[in-house]
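Student: As input, take run-v2.cif (mmCIF, C-alpha atoms, pLDDT in the B column; chains and numbers go by the auth columns):
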data_upload
loop_
_atom_site.group_PDB
_atom_site.id
_atom_site.type_symbol
_atom_site.label_atom_id
_atom_site.label_comp_id
_atom_site.label_asym_id
_atom_site.label_seq_id
_atom_site.Cartn_x
_atom_site.Cartn_y
_atom_site.Cartn_z
_atom_site.B_iso_or_equiv
_atom_site.auth_seq_id
_atom_site.auth_asym_id
ATOM 1 C CA SER A 1 14.905 -12.243 7.090 73.00 196 A
ATOM 2 C CA LEU A 2 12.350 -13.146 9.727 87.00 197 A
ATOM 3 C CA GLU A 3 13.608 -10.376 12.020 92.00 198 A
ATOM 4 C CA MET A 4 13.038 -7.757 9.319 90.00 199 A
ATOM 5 C CA PHE A 5 9.569 -9.130 8.549 92.00 200 A
ATOM 6 C CA GLU A 6 8.661 -8.984 12.258 93.00 201 A
ATOM 7 C CA ALA A 7 10.000 -5.422 12.563 93.00 202 A
ATOM 8 C CA PHE A 8 7.864 -4.314 9.610 94.00 203 A
ATOM 9 C CA ASP A 9 4.867 -6.134 11.092 95.00 204 A
ATOM 10 C CA ARG A 10 5.294 -4.375 14.473 95.00 205 A
ATOM 11 C CA THR A 11 5.612 -1.016 12.718 95.00 206 A
ATOM 12 C CA GLY A 12 2.495 -1.702 10.661 96.00 207 A
ATOM 13 C CA ARG A 13 0.518 -2.626 13.768 96.00 208 A
ATOM 14 C CA THR A 14 1.659 0.582 15.466 96.00 209 A
ATOM 15 C CA LEU A 15 0.392 2.594 12.500 97.00 210 A
ATOM 16 C CA LEU A 16 -2.893 0.686 12.555 97.00 211 A
ATOM 17 C CA ARG A 17 -3.382 1.658 16.215 97.00 212 A
ATOM 18 C CA ALA A 18 -3.134 5.323 15.199 97.00 213 A
ATOM 19 C CA ILE A 19 -5.462 4.765 12.237 96.00 214 A
ATOM 20 C CA ALA A 20 -7.975 3.026 14.522 96.00 215 A
ATOM 21 C CA ARG A 21 -8.073 6.063 16.813 95.00 216 A
ATOM 22 C CA CYS A 22 -8.687 8.356 13.829 92.00 217 A
ATOM 23 C CA MET A 23 -11.566 6.133 12.744 92.00 218 A
ATOM 24 C CA GLN A 24 -13.158 6.348 16.232 90.00 219 A
ATOM 25 C CA LEU A 25 -12.240 2.733 17.060 95.00 220 A
ATOM 26 C CA SER A 26 -10.412 1.270 20.020 96.00 221 A
ATOM 27 C CA PRO A 27 -6.628 1.393 19.478 96.00 222 A
ATOM 28 C CA ASP A 28 -6.417 -2.414 19.386 96.00 223 A
ATOM 29 C CA TYR A 29 -9.238 -2.764 16.797 97.00 224 A
ATOM 30 C CA PHE A 30 -6.930 -4.163 14.101 97.00 225 A
ATOM 31 C CA GLU A 31 -4.845 -6.459 16.328 95.00 226 A
ATOM 32 C CA ASP A 32 -6.886 -9.637 15.793 95.00 227 A
ATOM 33 C CA LYS A 33 -7.574 -8.709 12.168 97.00 228 A
ATOM 34 C CA VAL A 34 -3.983 -8.781 10.893 96.00 229 A
ATOM 35 C CA GLN A 35 -2.130 -11.335 13.040 92.00 230 A
ATOM 36 C CA LEU A 36 -2.725 -14.143 10.495 89.00 231 A
ATOM 37 C CA GLY A 37 -2.783 -12.011 7.356 85.00 232 A
ATOM 38 C CA ASN A 38 -1.144 -12.728 4.024 87.00 233 A
ATOM 39 C CA SER A 39 1.475 -10.038 4.631 94.00 234 A
ATOM 40 C CA ILE A 40 4.454 -10.099 2.277 94.00 235 A
ATOM 41 C CA LEU A 41 7.973 -8.666 2.416 94.00 236 A
ATOM 42 C CA ARG A 42 9.474 -8.306 -1.065 92.00 237 A
ATOM 43 C CA VAL A 43 12.772 -7.216 -2.510 90.00 238 A
ATOM 44 C CA ILE A 44 12.284 -5.384 -5.798 88.00 239 A
ATOM 45 C CA HIS A 45 15.239 -4.836 -8.105 87.00 240 A
ATOM 46 C CA TYR A 46 14.983 -2.311 -10.906 84.00 241 A
ATOM 47 C CA PRO A 47 18.022 -3.010 -13.112 84.00 242 A
ATOM 48 C CA PRO A 48 20.180 -0.292 -14.664 82.00 243 A
ATOM 49 C CA MET A 49 18.790 1.215 -17.827 80.00 244 A
ATOM 50 C CA PRO A 50 20.351 2.523 -21.015 75.00 245 A
ATOM 51 C CA PRO A 51 21.157 6.245 -20.735 70.00 246 A
ATOM 52 C CA GLN A 52 18.966 7.133 -23.706 70.00 247 A
ATOM 53 C CA PRO A 53 15.303 7.818 -22.876 66.00 248 A
ATOM 54 C CA THR A 54 12.820 4.986 -23.297 70.00 249 A
ATOM 55 C CA GLU A 55 9.032 4.901 -23.526 71.00 250 A
ATOM 56 C CA SER A 56 8.655 2.363 -20.723 71.00 251 A
ATOM 57 C CA VAL A 57 8.729 3.166 -17.012 78.00 252 A
ATOM 58 C CA ARG A 58 10.140 1.100 -14.172 81.00 253 A
ATOM 59 C CA SER A 59 6.696 0.645 -12.627 85.00 254 A
ATOM 60 C CA GLY A 60 3.495 2.094 -14.048 85.00 255 A
ATOM 61 C CA ALA A 61 0.886 3.932 -11.976 89.00 256 A
ATOM 62 C CA HIS A 62 -0.950 1.647 -9.569 92.00 257 A
ATOM 63 C CA GLU A 63 -2.379 1.259 -6.080 94.00 258 A
ATOM 64 C CA ASP A 64 -1.561 -1.582 -3.700 95.00 259 A
ATOM 65 C CA ILE A 65 -4.298 -4.095 -2.891 95.00 260 A
ATOM 66 C CA ASN A 66 -3.391 -4.627 0.767 96.00 261 A
ATOM 67 C CA VAL A 67 -4.102 -2.613 3.954 97.00 262 A
ATOM 68 C CA ILE A 68 -0.929 -0.505 4.178 97.00 263 A
ATOM 69 C CA THR A 69 2.479 -0.712 2.527 96.00 264 A
ATOM 70 C CA LEU A 70 5.698 0.167 4.322 96.00 265 A
ATOM 71 C CA LEU A 71 8.576 0.892 1.955 93.00 266 A
ATOM 72 C CA LEU A 72 12.312 1.134 2.516 86.00 267 A
ATOM 73 C CA GLY A 73 14.579 2.075 -0.358 73.00 268 A
ATOM 74 C CA ALA A 74 12.890 5.160 -1.719 70.00 269 A
ATOM 75 C CA GLU A 75 16.091 7.211 -1.391 72.00 270 A
ATOM 76 C CA GLU A 76 16.981 6.521 -5.011 75.00 271 A
ATOM 77 C CA ALA A 77 14.943 8.929 -7.131 78.00 272 A
ATOM 78 C CA GLY A 78 11.991 7.703 -9.135 83.00 273 A
ATOM 79 C CA LEU A 79 9.136 7.077 -6.706 89.00 274 A
ATOM 80 C CA GLN A 80 6.202 9.417 -7.258 91.00 275 A
ATOM 81 C CA VAL A 81 2.749 9.666 -5.683 94.00 276 A
ATOM 82 C CA GLN A 82 -0.285 11.294 -7.226 94.00 277 A
ATOM 83 C CA ASP A 83 -1.954 14.096 -5.287 93.00 278 A
ATOM 84 C CA ARG A 84 -5.677 14.893 -5.226 90.00 279 A
ATOM 85 C CA ASP A 85 -5.291 17.188 -8.240 93.00 280 A
ATOM 86 C CA GLY A 86 -3.704 14.440 -10.346 93.00 281 A
ATOM 87 C CA GLU A 87 -0.190 15.886 -10.149 95.00 282 A
ATOM 88 C CA TRP A 88 2.757 13.531 -9.644 95.00 283 A
ATOM 89 C CA LEU A 89 4.963 14.433 -6.673 94.00 284 A
ATOM 90 C CA GLU A 90 8.535 13.224 -6.197 92.00 285 A
ATOM 91 C CA ILE A 91 9.085 11.266 -2.995 91.00 286 A
ATOM 92 C CA ASN A 92 12.574 11.909 -1.673 87.00 287 A
ATOM 93 C CA PRO A 93 12.767 10.724 1.932 87.00 288 A
ATOM 94 C CA PRO A 94 15.958 10.970 3.971 86.00 289 A
ATOM 95 C CA PRO A 95 17.975 7.729 4.212 83.00 290 A
ATOM 96 C CA HIS A 96 16.513 4.940 6.361 82.00 291 A
ATOM 97 C CA CYS A 97 13.023 6.461 6.440 87.00 292 A
ATOM 98 C CA VAL A 98 9.905 4.421 5.790 91.00 293 A
ATOM 99 C CA VAL A 99 7.352 5.535 3.198 93.00 294 A
ATOM 100 C CA VAL A 100 3.767 4.547 4.095 95.00 295 A
ATOM 101 C CA ASN A 101 1.030 4.009 1.500 95.00 296 A
ATOM 102 C CA ILE A 102 -2.646 3.308 2.123 97.00 297 A
ATOM 103 C CA GLY A 103 -3.853 0.233 0.237 97.00 298 A
ATOM 104 C CA ASP A 104 -7.153 -0.642 -1.397 97.00 299 A
ATOM 105 C CA MET A 105 -8.391 -2.804 1.493 97.00 300 A
ATOM 106 C CA LEU A 106 -8.124 0.098 3.942 98.00 301 A
ATOM 107 C CA GLN A 107 -9.675 2.448 1.373 98.00 302 A
ATOM 108 C CA ARG A 108 -12.651 0.108 1.086 98.00 303 A
ATOM 109 C CA LEU A 109 -12.964 -0.353 4.869 98.00 304 A
ATOM 110 C CA THR A 110 -12.956 3.442 5.377 97.00 305 A
ATOM 111 C CA ASN A 111 -15.315 4.242 2.499 98.00 306 A
ATOM 112 C CA HIS A 112 -12.494 6.209 0.795 97.00 307 A
ATOM 113 C CA ARG A 113 -11.925 8.435 3.841 96.00 308 A
ATOM 114 C CA LEU A 114 -8.380 7.070 3.587 96.00 309 A
ATOM 115 C CA PRO A 115 -7.815 6.840 -0.168 96.00 310 A
ATOM 116 C CA SER A 116 -5.438 4.301 -1.652 95.00 311 A
ATOM 117 C CA THR A 117 -2.125 5.854 -2.681 91.00 312 A
ATOM 118 C CA SER A 118 -1.598 6.000 -6.451 93.00 313 A
ATOM 119 C CA HIS A 119 2.117 5.706 -7.120 94.00 314 A
ATOM 120 C CA ARG A 120 4.657 4.826 -9.794 92.00 315 A
ATOM 121 C CA VAL A 121 8.397 4.539 -10.329 88.00 316 A
ATOM 122 C CA ILE A 122 9.661 6.595 -13.238 86.00 317 A
ATOM 123 C CA ASN A 123 12.888 6.104 -15.149 83.00 318 A
ATOM 124 C CA PRO A 124 16.092 7.582 -13.790 80.00 319 A
ATOM 125 C CA THR A 125 17.767 10.634 -15.230 77.00 320 A
ATOM 126 C CA PRO A 126 20.470 9.852 -17.827 76.00 321 A
ATOM 127 C CA GLU A 127 23.139 10.511 -15.160 80.00 322 A
ATOM 128 C CA ARG A 128 21.587 7.850 -12.865 79.00 323 A
ATOM 129 C CA ALA A 129 20.498 5.369 -15.555 78.00 324 A
ATOM 130 C CA SER A 130 23.484 3.095 -14.909 79.00 325 A
ATOM 131 C CA GLN A 131 22.422 2.704 -11.248 82.00 326 A
ATOM 132 C CA ALA A 132 20.142 -0.089 -10.153 82.00 327 A
ATOM 133 C CA ARG A 133 17.232 0.785 -7.877 81.00 328 A
ATOM 134 C CA TRP A 134 16.253 -1.444 -4.970 83.00 329 A
ATOM 135 C CA SER A 135 13.191 -1.195 -2.800 87.00 330 A
ATOM 136 C CA LEU A 136 11.911 -3.243 0.089 90.00 331 A
ATOM 137 C CA PRO A 137 8.107 -3.063 0.433 93.00 332 A
ATOM 138 C CA TYR A 138 6.169 -4.762 3.201 96.00 333 A
ATOM 139 C CA PHE A 139 2.538 -5.321 2.238 97.00 334 A
ATOM 140 C CA LEU A 140 0.437 -5.682 5.404 97.00 335 A
ATOM 141 C CA HIS A 141 -2.737 -7.710 4.827 97.00 336 A
ATOM 142 C CA PHE A 142 -5.846 -8.514 6.812 97.00 337 A
ATOM 143 C CA ASN A 143 -6.484 -12.084 7.924 97.00 338 A
ATOM 144 C CA PRO A 144 -8.008 -13.971 4.956 97.00 339 A
ATOM 145 C CA ASP A 145 -11.348 -14.434 6.762 97.00 340 A
ATOM 146 C CA PHE A 146 -11.632 -10.794 7.903 97.00 341 A
ATOM 147 C CA LEU A 147 -14.879 -9.355 6.570 98.00 342 A
ATOM 148 C CA ILE A 148 -14.186 -5.970 4.994 98.00 343 A
ATOM 149 C CA ARG A 149 -17.337 -4.110 5.980 97.00 344 A
ATOM 150 C CA THR A 150 -17.445 -0.311 5.765 97.00 345 A
ATOM 151 C CA LEU A 151 -16.791 1.228 9.162 96.00 346 A
ATOM 152 C CA PRO A 152 -19.928 2.957 10.548 94.00 347 A
ATOM 153 C CA SER A 153 -17.846 6.037 11.447 93.00 348 A
ATOM 154 C CA CYS A 154 -17.074 6.471 7.727 95.00 349 A
ATOM 155 C CA VAL A 155 -20.692 6.598 6.539 95.00 350 A
ATOM 156 C CA ASP A 156 -23.024 9.586 6.836 95.00 351 A
ATOM 157 C CA ALA A 157 -25.490 11.576 4.742 95.00 352 A
ATOM 158 C CA THR A 158 -22.737 13.155 2.637 95.00 353 A
ATOM 159 C CA HIS A 159 -20.684 9.922 2.445 95.00 354 A
ATOM 160 C CA PRO A 160 -23.064 7.040 1.637 97.00 355 A
ATOM 161 C CA ASP A 161 -21.643 3.544 1.866 97.00 356 A
ATOM 162 C CA ARG A 162 -19.883 2.769 -1.430 97.00 357 A
ATOM 163 C CA TYR A 163 -19.622 -0.912 -0.477 97.00 358 A
ATOM 164 C CA PRO A 164 -22.894 -2.131 1.037 95.00 359 A
ATOM 165 C CA GLN A 165 -21.875 -5.752 0.344 97.00 360 A
ATOM 166 C CA PRO A 166 -19.009 -6.819 2.625 97.00 361 A
ATOM 167 C CA ILE A 167 -16.325 -9.164 1.291 98.00 362 A
ATOM 168 C CA THR A 168 -13.677 -11.290 2.970 97.00 363 A
ATOM 169 C CA ALA A 169 -10.094 -10.092 2.623 97.00 364 A
ATOM 170 C CA ASN A 170 -9.201 -13.290 0.774 96.00 365 A
ATOM 171 C CA ASP A 171 -12.058 -12.940 -1.728 97.00 366 A
ATOM 172 C CA TYR A 172 -11.173 -9.287 -2.244 96.00 367 A
ATOM 173 C CA LEU A 173 -7.524 -10.157 -2.823 96.00 368 A
ATOM 174 C CA LEU A 174 -8.437 -12.840 -5.357 95.00 369 A
ATOM 175 C CA GLU A 175 -10.913 -10.506 -7.092 95.00 370 A
ATOM 176 C CA ARG A 176 -8.299 -7.766 -7.416 94.00 371 A
ATOM 177 C CA LEU A 177 -5.581 -10.191 -8.586 93.00 372 A
ATOM 178 C CA ARG A 178 -7.972 -11.386 -11.304 94.00 373 A
ATOM 179 C CA ASP A 179 -8.757 -7.744 -12.238 91.00 374 A
ATOM 180 C CA ILE A 180 -5.071 -7.006 -12.820 86.00 375 A
ATOM 181 C CA LYS A 181 -4.554 -10.340 -14.604 86.00 376 A
ATOM 182 C CA LEU A 182 -2.206 -11.864 -12.026 85.00 377 A
ATOM 183 C CA LEU A 183 -4.584 -14.815 -11.599 82.00 378 A
#
Translate the structure described by the file into structure tokens.

Tutor:
Amino acid sequence: SLEMFEAFDRTGRTLLRAIARCMQLSPDYFEDKVQLGNSILRVIHYPPMPPQPTESVRSGAHEDINVITLLLGAEEAGLQVQDRDGEWLEINPPPHCVVVNIGDMLQRLTNHRLPSTSHRVINPTPERASQARWSLPYFLHFNPDFLIRTLPSCVDATHPDRYPQPITANDYLLERLRDIKLL
């Protein structure tokens, strides 16, 4: 619903104010950079599975392309994030909590100071295989014409700019969608 979308959008903007402060920017830095973005609210249904183990997984390891992702519905087991050592950690939030992931656009803007969250959804245990899994992710995006240029506060002698060529959010989105064969 529109009300839910707007609630997610307000929450995302609140988080971006905190992120802006951490990046030595004014708290409202992101306000005019996301108000016309290609943000998306999705409902994802993972159907029940046969109780016997299968080689496939509900969702393979990936990162999100957008700025940040806000996720409801992670109470049902299966969501995992990868830590810096490459280990997969179970994410088991209390009911009605929001899981927040950093996306590739914010990773690029911050020169990897805020790395994109690698995550996956593994198959349920045999006892839970007959249960469907639902999740509700909100993918917050920059405005299509926002120029993703590495923030000066994220570049120094030990952290050279990985992305000296800026790119618009729309071009970056299209590039990444082509990379993963969705376009």

Student: Using the chain letters and residue numbers of this document, give as a PyMOL selection string the residues selected by the PyMOL selection byres ((chain A and resi 300-316) around 7).

Tutor: chain A and resi 252-258+260-262+273-277+296-299+317-318+343-346+349+356-357

Student: Could you check the closest approach to Pro245 (chain A) for each of A:Ala364, A:Leu335, A:Val350, A:Ala327 and tell me which residue wins, using all atoms listed in the file?

Tutor: A:Ala327

Student: Starting from the PyMOL selection byres ((chain A and resi 196) around 12), expand the selection into actual residues of this file and give them as a PyMOL selection string.

Tutor: chain A and resi 197-203+235-238+331

Student: Evaluate the PyMOL selection byres ((chain A and resi 216-225) around 10) against this structure - the residues, as a ChimeraX atom specification, please.

Tutor: /A:208-215,226-230,305,308-309,337,346-349

Student: Determine, counting all atoms listed in the file, every residue of protein, DNA or RNA that lies within 12 Å of (21.7, 7.7, -14.4) in the file coordinates, then give the result as a list in words.

Tutor: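 Every polymer residue passing the test: Pro242, Pro243, Met244, Pro245, Pro246, Gln247, Pro248, Glu271, Ala272, Gly273, Asn318, Pro319, Thr320, Pro321, Glu322, Arg323, Ala324, Ser325, Gln326, Ala327 and Arg328 of chain A.
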
Student: Those same residues - C-alpha atoms - I'd like them written as a PDB file, in the frame of the given file.

Tutor:
ATOM      1  CA  PRO A 242      18.022  -3.010 -13.112  1.00 84.00           C
ATOM      2  CA  PRO A 243      20.180  -0.292 -14.664  1.00 82.00           C
ATOM      3  CA  MET A 244      18.790   1.215 -17.827  1.00 80.00           C
ATOM      4  CA  PRO A 245      20.351   2.523 -21.015  1.00 75.00           C
ATOM      5  CA  PRO A 246      21.157   6.245 -20.735  1.00 70.00           C
ATOM      6  CA  GLN A 247      18.966   7.133 -23.706  1.00 70.00           C
ATOM      7  CA  PRO A 248      15.303   7.818 -22.876  1.00 66.00           C
ATOM      8  CA  GLU A 271      16.981   6.521  -5.011  1.00 75.00           C
ATOM      9  CA  ALA A 272      14.943   8.929  -7.131  1.00 78.00           C
ATOM     10  CA  GLY A 273      11.991   7.703  -9.135  1.00 83.00           C
ATOM     11  CA  ASN A 318      12.888   6.104 -15.149  1.00 83.00           C
ATOM     12  CA  PRO A 319      16.092   7.582 -13.790  1.00 80.00           C
ATOM     13  CA  THR A 320      17.767  10.634 -15.230  1.00 77.00           C
ATOM     14  CA  PRO A 321      20.470   9.852 -17.827  1.00 76.00           C
ATOM     15  CA  GLU A 322      23.139  10.511 -15.160  1.00 80.00           C
ATOM     16  CA  ARG A 323      21.587   7.850 -12.865  1.00 79.00           C
ATOM     17  CA  ALA A 324      20.498   5.369 -15.555  1.00 78.00           C
ATOM     18  CA  SER A 325      23.484   3.095 -14.909  1.00 79.00           C
ATOM     19  CA  GLN A 326      22.422   2.704 -11.248  1.00 82.00           C
ATOM     20  CA  ALA A 327      20.142  -0.089 -10.153  1.00 82.00           C
ATOM     21  CA  ARG A 328      17.232   0.785  -7.877  1.00 81.00           C
TER      22      ARG A 328
END

Student: Between A:Gly232, A:Val293, A:Asp351, A:His240, which is the closest to Thr363 (chain A) once you count only C-alpha atoms?

Tutor: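 Comparing A:Gly232, A:Val293, A:Asp351, A:His240 against Thr363 (chain A), the winner is A:Gly232.
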
Student: What separation in Å, quoted to one decimal, exists between CA of Lys376 (chain A) and CA of Ser251 (chain A)?

Tutor: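 Separating CA of Lys376 (chain A) from CA of Ser251 (chain A) is a distance of 19.3 Å.
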
Student: What is the distance between CA of Pro332 (chain A) and CA of Val294 (chain A), in Å to one decimal?

Tutor: 9.1 Å

Student: Have a look at A:Thr264, A:Asn233, A:Glu250, A:Pro289 and name the one nearest to Leu369 (chain A); count all atoms listed in the file.

Tutor: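 So, comparing all the options, the nearest one is A:Asn233.
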
Student: Can you tell me how far CA of Leu284 (chain A) sits from CA of Tyr367 (chain A), in Å to one decimal?

Tutor: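 Straight-line distance from CA of Leu284 (chain A) to CA of Tyr367 (chain A) works out to 29.0 Å.
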
Student: Between A:Leu231, A:Arg205, A:Asp259, A:Tyr241, which has the minimum distance to Phe334 (chain A) (counting all atoms listed in the file)?

Tutor: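 The shortest atom-to-atom distance to Phe334 (chain A) comes from A:Asp259.
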
Student: Taking N, CA and C atoms as the atom set, what does region 292-306 of chain A look like once completed, written as an mmCIF file, in the frame of the given file?

Tutor:
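Produced file part_25.cif, reproduced below:
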data_model
loop_
_atom_site.group_PDB
_atom_site.id
_atom_site.type_symbol
_atom_site.label_atom_id
_atom_site.label_comp_id
_atom_site.auth_asym_id
_atom_site.auth_seq_id
_atom_site.Cartn_x
_atom_site.Cartn_y
_atom_site.Cartn_z
ATOM 1 N N CYS A 292 14.405 6.133 6.085
ATOM 2 C CA CYS A 292 13.023 6.461 6.440
ATOM 3 C C CYS A 292 12.080 5.475 5.749
ATOM 4 N N VAL A 293 10.916 5.308 6.337
ATOM 5 C CA VAL A 293 9.905 4.421 5.790
ATOM 6 C C VAL A 293 8.815 5.265 5.132
ATOM 7 N N VAL A 294 8.470 4.914 3.906
ATOM 8 C CA VAL A 294 7.352 5.535 3.198
ATOM 9 C C VAL A 294 6.127 4.659 3.462
ATOM 10 N N VAL A 295 4.988 5.287 3.784
ATOM 11 C CA VAL A 295 3.767 4.547 4.095
ATOM 12 C C VAL A 295 2.702 4.883 3.056
ATOM 13 N N ASN A 296 2.128 3.839 2.449
ATOM 14 C CA ASN A 296 1.030 4.009 1.500
ATOM 15 C C ASN A 296 -0.215 3.312 2.044
ATOM 16 N N ILE A 297 -1.358 3.936 1.828
ATOM 17 C CA ILE A 297 -2.646 3.308 2.123
ATOM 18 C C ILE A 297 -2.983 2.385 0.959
ATOM 19 N N GLY A 298 -3.472 1.193 1.270
ATOM 20 C CA GLY A 298 -3.853 0.233 0.237
ATOM 21 C C GLY A 298 -5.357 0.183 0.027
ATOM 22 N N ASP A 299 -5.748 -0.555 -0.998
ATOM 23 C CA ASP A 299 -7.153 -0.642 -1.397
ATOM 24 C C ASP A 299 -8.057 -1.241 -0.326
ATOM 25 N N MET A 300 -7.549 -2.197 0.449
ATOM 26 C CA MET A 300 -8.391 -2.804 1.493
ATOM 27 C C MET A 300 -8.774 -1.782 2.557
ATOM 28 N N LEU A 301 -7.824 -0.932 2.947
ATOM 29 C CA LEU A 301 -8.124 0.098 3.942
ATOM 30 C C LEU A 301 -9.012 1.182 3.329
ATOM 31 N N GLN A 302 -8.797 1.495 2.071
ATOM 32 C CA GLN A 302 -9.675 2.448 1.373
ATOM 33 C C GLN A 302 -11.117 1.947 1.396
ATOM 34 N N ARG A 303 -11.304 0.675 1.100
ATOM 35 C CA ARG A 303 -12.651 0.108 1.086
ATOM 36 C C ARG A 303 -13.251 0.111 2.487
ATOM 37 N N LEU A 304 -12.483 -0.309 3.490
ATOM 38 C CA LEU A 304 -12.964 -0.353 4.869
ATOM 39 C C LEU A 304 -13.400 1.027 5.350
ATOM 40 N N THR A 305 -12.676 2.080 4.914
ATOM 41 C CA THR A 305 -12.956 3.442 5.377
ATOM 42 C C THR A 305 -13.823 4.240 4.409
ATOM 43 N N ASN A 306 -14.408 3.564 3.424
ATOM 44 C CA ASN A 306 -15.315 4.242 2.499
ATOM 45 C C ASN A 306 -14.621 5.418 1.797
#
